[in-house]
>>> print(open('structure15.pdb').read())   # PDB, C-alpha atoms, pLDDT in the B column
ATOM      1  CA  MET A   1    -211.800  21.420-206.785  1.00 62.00           C
ATOM      2  CA  GLN A   2    -209.865  19.335-204.260  1.00 63.00           C
ATOM      3  CA  LYS A   3    -211.226  15.869-203.484  1.00 75.00           C
ATOM      4  CA  ASP A   4    -211.252  14.390-200.009  1.00 86.00           C
ATOM      5  CA  ILE A   5    -209.151  11.268-200.436  1.00 90.00           C
ATOM      6  CA  ARG A   6    -208.492   8.851-197.590  1.00 94.00           C
ATOM      7  CA  LEU A   7    -206.550   5.644-197.251  1.00 96.00           C
ATOM      8  CA  LEU A   8    -208.497   2.489-196.544  1.00 96.00           C
ATOM      9  CA  ALA A   9    -206.965  -0.256-194.451  1.00 97.00           C
ATOM     10  CA  ALA A  10    -208.769  -3.098-196.206  1.00 95.00           C
ATOM     11  CA  ARG A  11    -207.509  -5.536-193.635  1.00 95.00           C
ATOM     12  CA  ALA A  12    -208.510  -8.818-195.285  1.00 92.00           C
ATOM     13  CA  ASP A  13    -206.814  -7.897-198.567  1.00 94.00           C
ATOM     14  CA  LEU A  14    -203.841  -6.403-196.771  1.00 94.00           C
ATOM     15  CA  TYR A  15    -203.415  -9.515-194.636  1.00 94.00           C
ATOM     16  CA  ILE A  16    -203.236 -11.920-197.566  1.00 94.00           C
ATOM     17  CA  GLU A  17    -200.836  -9.653-199.475  1.00 94.00           C
ATOM     18  CA  LEU A  18    -198.263  -9.477-196.679  1.00 94.00           C
ATOM     19  CA  ASP A  19    -195.303 -11.843-196.886  1.00 94.00           C
ATOM     20  CA  LYS A  20    -195.423 -12.251-193.112  1.00 94.00           C
ATOM     21  CA  PRO A  21    -199.018 -12.187-191.794  1.00 91.00           C
ATOM     22  CA  HIS A  22    -197.949 -11.043-188.327  1.00 93.00           C
ATOM     23  CA  GLU A  23    -196.865  -7.745-189.939  1.00 96.00           C
ATOM     24  CA  ILE A  24    -200.533  -6.755-190.240  1.00 96.00           C
ATOM     25  CA  LEU A  25    -200.205  -4.802-186.981  1.00 96.00           C
ATOM     26  CA  LYS A  26    -197.269  -2.776-188.284  1.00 96.00           C
ATOM     27  CA  ALA A  27    -199.060  -2.173-191.600  1.00 97.00           C
ATOM     28  CA  LEU A  28    -202.195  -0.907-189.833  1.00 98.00           C
ATOM     29  CA  LYS A  29    -200.087   1.501-187.775  1.00 98.00           C
ATOM     30  CA  LEU A  30    -198.252   2.738-190.870  1.00 97.00           C
ATOM     31  CA  ILE A  31    -201.510   3.471-192.712  1.00 98.00           C
ATOM     32  CA  ILE A  32    -202.943   5.545-189.844  1.00 98.00           C
ATOM     33  CA  GLN A  33    -199.618   7.382-189.459  1.00 98.00           C
ATOM     34  CA  LYS A  34    -199.665   8.316-193.159  1.00 97.00           C
ATOM     35  CA  ASP A  35    -203.341   9.329-193.068  1.00 97.00           C
ATOM     36  CA  PRO A  36    -204.870  10.209-189.681  1.00 97.00           C
ATOM     37  CA  ASN A  37    -208.313  10.073-191.342  1.00 96.00           C
ATOM     38  CA  ALA A  38    -207.800   6.581-192.768  1.00 98.00           C
ATOM     39  CA  ILE A  39    -210.667   4.116-192.701  1.00 98.00           C
ATOM     40  CA  ALA A  40    -210.399   0.646-191.178  1.00 98.00           C
ATOM     41  CA  GLY A  41    -212.469  -2.021-192.859  1.00 95.00           C
ATOM     42  CA  SER A  42    -212.839  -5.706-193.611  1.00 91.00           C
ATOM     43  CA  ARG A  43    -214.220  -8.278-191.231  1.00 89.00           C
ATOM     44  CA  LEU A  44    -215.290  -5.870-188.513  1.00 94.00           C
ATOM     45  CA  LEU A  45    -217.843  -7.212-186.019  1.00 94.00           C
ATOM     46  CA  GLU A  46    -218.424 -10.386-188.044  1.00 92.00           C
ATOM     47  CA  SER A  47    -219.847 -12.226-185.052  1.00 93.00           C
ATOM     48  CA  PHE A  48    -222.806  -9.817-185.133  1.00 91.00           C
ATOM     49  CA  VAL A  49    -224.145 -11.447-188.314  1.00 91.00           C
ATOM     50  CA  ASP A  50    -225.491 -14.436-186.364  1.00 88.00           C
ATOM     51  CA  LEU A  51    -227.803 -12.753-183.886  1.00 82.00           C
ATOM     52  CA  GLN A  52    -228.457 -16.076-182.142  1.00 83.00           C
ATOM     53  CA  LYS A  53    -224.901 -16.144-180.772  1.00 87.00           C
ATOM     54  CA  ILE A  54    -223.135 -13.962-178.249  1.00 90.00           C
ATOM     55  CA  PRO A  55    -220.811 -11.479-180.003  1.00 90.00           C
ATOM     56  CA  SER A  56    -217.171 -12.501-179.809  1.00 93.00           C
ATOM     57  CA  CYS A  57    -214.716 -10.911-177.442  1.00 94.00           C
ATOM     58  CA  ALA A  58    -212.311 -10.634-180.387  1.00 94.00           C
ATOM     59  CA  ASP A  59    -214.703  -8.263-182.167  1.00 94.00           C
ATOM     60  CA  PHE A  60    -214.683  -5.855-179.227  1.00 93.00           C
ATOM     61  CA  THR A  61    -210.919  -5.977-178.729  1.00 94.00           C
ATOM     62  CA  ASP A  62    -210.426  -5.602-182.488  1.00 95.00           C
ATOM     63  CA  ILE A  63    -212.318  -2.300-182.466  1.00 95.00           C
ATOM     64  CA  GLY A  64    -210.519  -1.274-179.266  1.00 94.00           C
ATOM     65  CA  TYR A  65    -207.105  -1.869-180.828  1.00 96.00           C
ATOM     66  CA  LEU A  66    -207.985   0.093-183.951  1.00 97.00           C
ATOM     67  CA  LEU A  67    -209.221   2.999-181.832  1.00 96.00           C
ATOM     68  CA  GLU A  68    -206.109   2.840-179.665  1.00 96.00           C
ATOM     69  CA  ILE A  69    -203.769   3.201-182.637  1.00 98.00           C
ATOM     70  CA  GLY A  70    -205.772   6.110-184.042  1.00 97.00           C
ATOM     71  CA  TYR A  71    -208.560   4.884-186.320  1.00 98.00           C
ATOM     72  CA  ASN A  72    -211.834   6.784-185.968  1.00 95.00           C
ATOM     73  CA  ASN A  73    -213.446   5.821-189.279  1.00 96.00           C
ATOM     74  CA  PHE A  74    -214.759   2.333-189.961  1.00 97.00           C
ATOM     75  CA  LEU A  75    -216.265   0.496-192.912  1.00 96.00           C
ATOM     76  CA  LEU A  76    -218.636  -2.348-192.124  1.00 95.00           C
ATOM     77  CA  GLY A  77    -218.946  -5.250-194.541  1.00 92.00           C
ATOM     78  CA  ASP A  78    -221.844  -6.409-196.682  1.00 93.00           C
ATOM     79  CA  ASP A  79    -222.796  -9.213-194.275  1.00 92.00           C
ATOM     80  CA  ILE A  80    -223.491  -6.706-191.517  1.00 94.00           C
ATOM     81  CA  CYS A  81    -225.005  -3.997-193.700  1.00 94.00           C
ATOM     82  CA  SER A  82    -227.428  -6.309-195.489  1.00 94.00           C
ATOM     83  CA  ASN A  83    -228.969  -7.418-192.176  1.00 93.00           C
ATOM     84  CA  GLU A  84    -230.817  -4.547-190.507  1.00 94.00           C
ATOM     85  CA  MET A  85    -230.757  -6.104-187.032  1.00 93.00           C
ATOM     86  CA  ALA A  86    -227.032  -6.879-187.271  1.00 93.00           C
ATOM     87  CA  LEU A  87    -226.345  -3.359-188.531  1.00 95.00           C
ATOM     88  CA  ASN A  88    -228.313  -1.802-185.672  1.00 94.00           C
ATOM     89  CA  SER A  89    -226.405  -3.965-183.186  1.00 92.00           C
ATOM     90  CA  ALA A  90    -223.066  -2.974-184.712  1.00 93.00           C
ATOM     91  CA  ILE A  91    -223.982   0.715-184.645  1.00 94.00           C
ATOM     92  CA  GLY A  92    -225.055   0.289-181.021  1.00 93.00           C
ATOM     93  CA  VAL A  93    -221.654  -1.199-180.182  1.00 91.00           C
ATOM     94  CA  PHE A  94    -219.838   1.720-181.797  1.00 92.00           C
ATOM     95  CA  ASN A  95    -222.070   4.193-179.944  1.00 92.00           C
ATOM     96  CA  ALA A  96    -221.384   2.440-176.634  1.00 91.00           C
ATOM     97  CA  ILE A  97    -217.637   2.314-177.230  1.00 89.00           C
ATOM     98  CA  PHE A  98    -217.469   5.979-178.266  1.00 84.00           C
ATOM     99  CA  GLU A  99    -219.362   7.137-175.119  1.00 82.00           C
TER     100      GLU A  99
END
>>> encode(input="structure15.pdb", output="structure tokens")
Amino acid sequence: MQKDIRLLAARADLYIELDKPHEILKALKLIIQKDPNAIAGSRLLESFVDLQKIPSCADFTDIGYLLEIGYNNFLLGDDICSNEMALNSAIGVFNAIFE
């Protein structure tokens, strides 16, 4: 039986492992080129955790960039997933972006 295996761009871990942090963009592109079904994760929509603040522009452009280079699968972190309101907001953002 063949397993469905995908690469995961665990961005926070990847970032700290790179010799030159600015190469994160090239690394993210390489991962999606090697696996078109790769998953992007780590620190996505972090500003959604504090529901008292306006979500950051960086969170929206972060998702936009990942979509632009080919990512269609995302892994949200524990901080978002453990807060039902934050999770619903994050899902709403993805739904709005995908429309």
>>> resolve_selection(input="structure15.pdb", expression="the PyMOL selection byres ((chain A and resi 72) around 10)", output="PyMOL selection string")
chain A and resi 32+36-40+63+66-71+73-74+98
>>> resolve_selection(input="structure15.pdb", expression="the PyMOL selection byres ((chain A and resi 50) around 10)", output="ChimeraX atom specification")
/A:46-49,51-55,79-80,83,85-86
>>> resolve_selection(input="structure15.pdb", expression="the PyMOL selection byres ((chain A and resi 6) around 7)", output="ChimeraX atom specification")
/A:4-5,7-8,35,37-38
>>> write_last_selection(input="structure15.pdb", atoms="C-alpha atoms", output="short mmCIF file (atom, residue, chain, number, x, y, z; two decimals), in the frame of the given file")
data_model
loop_
_atom_site.label_atom_id
_atom_site.label_comp_id
_atom_site.auth_asym_id
_atom_site.auth_seq_id
_atom_site.Cartn_x
_atom_site.Cartn_y
_atom_site.Cartn_z
CA ASP A 4 -211.25 14.39 -200.01
CA ILE A 5 -209.15 11.27 -200.44
CA LEU A 7 -206.55 5.64 -197.25
CA LEU A 8 -208.50 2.49 -196.54
CA ASP A 35 -203.34 9.33 -193.07
CA ASN A 37 -208.31 10.07 -191.34
CA ALA A 38 -207.80 6.58 -192.77
#
>>> atom_distance(input="structure15.pdb", atom1="CA of Leu30 in chain A", atom2="CA of Tyr65 in chain A")
14.2 Å
>>> atom_distance(input="structure15.pdb", atom1="CA of Leu87 in chain A", atom2="CA of Leu28 in chain A")
24.3 Å
>>> atom_distance(input="structure15.pdb", atom1="CA of Asp59 in chain A", atom2="CA of Arg43 in chain A")
9.1 Å
>>> axis_aligned_box(input="structure15.pdb", around="range 68-73 of chain A", padding_each_side="5 Å", output="JSON")
{"center_x": -208.6, "center_y": 4.8, "center_z": -184.5, "size_x": 19.7, "size_y": 13.9, "size_z": 19.6}
>>> closest_residue(input="structure15.pdb", among="A:Ile24, A:Val93, A:Ala9, A:Gln33", to="Thr61 in chain A", atoms="only C-alpha atoms")
A:Val93
>>> closest_residue(input="structure15.pdb", among="A:Ser42, A:Asn95, A:Lys34, A:Leu75", to="Tyr15 in chain A", atoms="all atoms listed in the file")
A:Ser42
